[in-house]
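Read the structure below first, then the notes.
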Amino acid sequence: LLVGYENGTQHILFNITKGQRVALARRFTADCRKLGITIHGTFILGLPGETKETIEETIRFAQEINPHTIQVSLAAPYPGTHLYKQALDEGWLHEDEAQHLVNDRGVQLSPLSYPHLSHTEIYDSVETFYKRFYFRASKIAEITGEMIRSPTVMKRRLREGVEFFRFLRQR
């Protein structure tokens, strides 16, 4: 399953009117694991109310629930969305920056900047999130075990690994 956790901090989920509870996400993920359902979890950093502490809390949440794989994105204030209007009204985004959601290589950028958290800190936290999630002994053992059991998985994981290190190098 592809599961949009978005964030591991309850008040951030309230801020974006996600209608999700962190405790329910924990239970759902545990139930899926018991049933043998594999989860690809998606997370978004830089949402309204984000701080260094909430980023840390979300990273710890992801490690705790331990979905099979993850994707970490940056909050993207697309013109016409509530986030776009809110970001302009609050001064988190300047209209001339709105078109800068990706760079010329297609890598997502962080155009939002809060008084207590800069766009650079938000952007850099994506790499930190990936490293802290995937570079854990338990996750490395899990991935290695899958690769040993299946040549198809090994081929896919090696390709993904190359893509991952290219991503890190491009940043």
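Each chain of the structure tokens is named A, B, ... in the order shown, its residues numbered from 1; ligands are numbered from 1 in display order.
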
field: Neighbour list for stretch 86-103 of chain A as an NGL selection string, cut-off 6 Å, only C-alpha atoms, skip fewer than 5 positions in-chain
entry: :A and (108-109 or 112-114)

Given the selection you just returned, output its residues as a file containing all heavy atoms, formatted as a short mmCIF file (atom, residue, chain, number, x, y, z; two decimals), in the first residue's frame.
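Below is the file out_14.cif, written as the result:
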data_model
loop_
_atom_site.label_atom_id
_atom_site.label_comp_id
_atom_site.auth_asym_id
_atom_site.auth_seq_id
_atom_site.Cartn_x
_atom_site.Cartn_y
_atom_site.Cartn_z
N GLN A 108 13.12 18.53 -6.38
CA GLN A 108 12.18 19.39 -5.69
C GLN A 108 12.91 20.39 -4.80
O GLN A 108 13.87 20.06 -4.11
CB GLN A 108 11.23 18.53 -4.85
CG GLN A 108 10.07 19.29 -4.30
CD GLN A 108 9.12 18.42 -3.49
OE1 GLN A 108 9.50 17.36 -3.02
NE2 GLN A 108 7.90 18.88 -3.33
N LEU A 109 12.44 21.64 -4.83
CA LEU A 109 12.99 22.71 -4.01
C LEU A 109 12.01 23.07 -2.90
O LEU A 109 10.83 22.73 -2.98
CB LEU A 109 13.27 23.95 -4.86
CG LEU A 109 14.26 23.76 -6.01
CD1 LEU A 109 14.35 25.02 -6.86
CD2 LEU A 109 15.63 23.38 -5.48
N LEU A 112 9.13 27.48 0.63
CA LEU A 112 8.56 28.03 1.86
C LEU A 112 9.64 28.31 2.89
O LEU A 112 10.58 27.53 3.04
CB LEU A 112 7.55 27.05 2.47
CG LEU A 112 6.29 26.79 1.65
CD1 LEU A 112 5.45 25.71 2.30
CD2 LEU A 112 5.49 28.06 1.47
N SER A 113 9.47 29.41 3.60
CA SER A 113 10.41 29.78 4.65
C SER A 113 9.59 30.37 5.78
O SER A 113 8.75 31.24 5.56
CB SER A 113 11.41 30.80 4.12
OG SER A 113 12.58 30.79 4.87
N TYR A 114 9.83 29.88 6.98
CA TYR A 114 9.11 30.35 8.16
C TYR A 114 10.05 31.18 9.01
O TYR A 114 11.27 31.03 8.92
CB TYR A 114 8.59 29.15 8.96
CG TYR A 114 7.66 28.26 8.15
CD1 TYR A 114 8.11 27.05 7.63
CD2 TYR A 114 6.35 28.64 7.91
CE1 TYR A 114 7.25 26.24 6.88
CE2 TYR A 114 5.49 27.84 7.17
CZ TYR A 114 5.95 26.63 6.66
OH TYR A 114 5.10 25.85 5.92
#

message: Can you tell me, as a VMD selection string, which residues in chain A count as strand (DSSP E or B) by DSSP?
response: chain A and resid 2 to 6 40 to 45 69 to 74 102 108 114 117

message: When you count only C-alpha atoms, which of these residues is closest to A:Leu83: A:Cys32, A:Ser125, A:Pro151, A:Thr17?
response: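 The closest residue to A:Leu83 is A:Thr17.
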
message: Using Å and a single decimal, report how far atom CA of A:Tyr134 sits from atom CA of A:Thr51.
response: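 Rounded to one decimal, the two atoms are 22.3 Å apart.
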
query: Would you give me, as a list in words, the residues in stretch 34-117 of chain A that DSSP reads as alpha helix (DSSP H)?
result: Lys34, Leu35, Lys52, Glu53, Thr54, Ile55, Glu56, Glu57, Thr58, Ile59, Arg60, Phe61, Ala62, Gln63, Glu64, Ile65, His82, Leu83, Tyr84, Lys85, Gln86, Ala87, Leu88, Asp89 and Glu90 of chain A

- request: Using only C-alpha atoms, determine which residues lie at most 6 Å from A:Gly41, disregarding the query and same-chain residues fewer than 2 positions distant; provide the list as a VMD selection string.
  value: chain A and resid 3 39 67 70

statement: Students should find that atom CA of A:His40 and atom CA of A:Asn66 are spaced 9.6 Å

query: Hey, can you check how far atom CA of A:Phe164 sits from atom CA of A:Ile148?
result: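 So the answer is 19.9 Å.
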
- prompt: Can you list, as a list of chain:residue names, every protein, DNA or RNA residue that comes within 10 Å of A:Gly46 when you count only C-alpha atoms, leaving out same-chain residues fewer than 4 positions away?
  reply: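 Here the answer would be A:Asn7, A:Ile12, A:Glu50, A:Thr51, A:Lys52, A:Thr54, A:Ile55, A:Ser73, A:Leu74, A:Ala75, A:Ala76, A:Ser110, A:Pro111, A:Leu112, A:Ser113, A:Tyr114, A:Leu117, A:Ser118, A:His119, A:Glu121, A:Ile122, A:Tyr123, A:Ser125, A:Val126.
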
- request: Excluding stretch 135-143 of chain A and any residue of its chain fewer than 2 positions from it, enumerate the residues within 9 Å of it, using only C-alpha atoms, and give them as number ranges by chain.
  value: A: 63, 66, 68, 130-133, 145-148, 154, 157
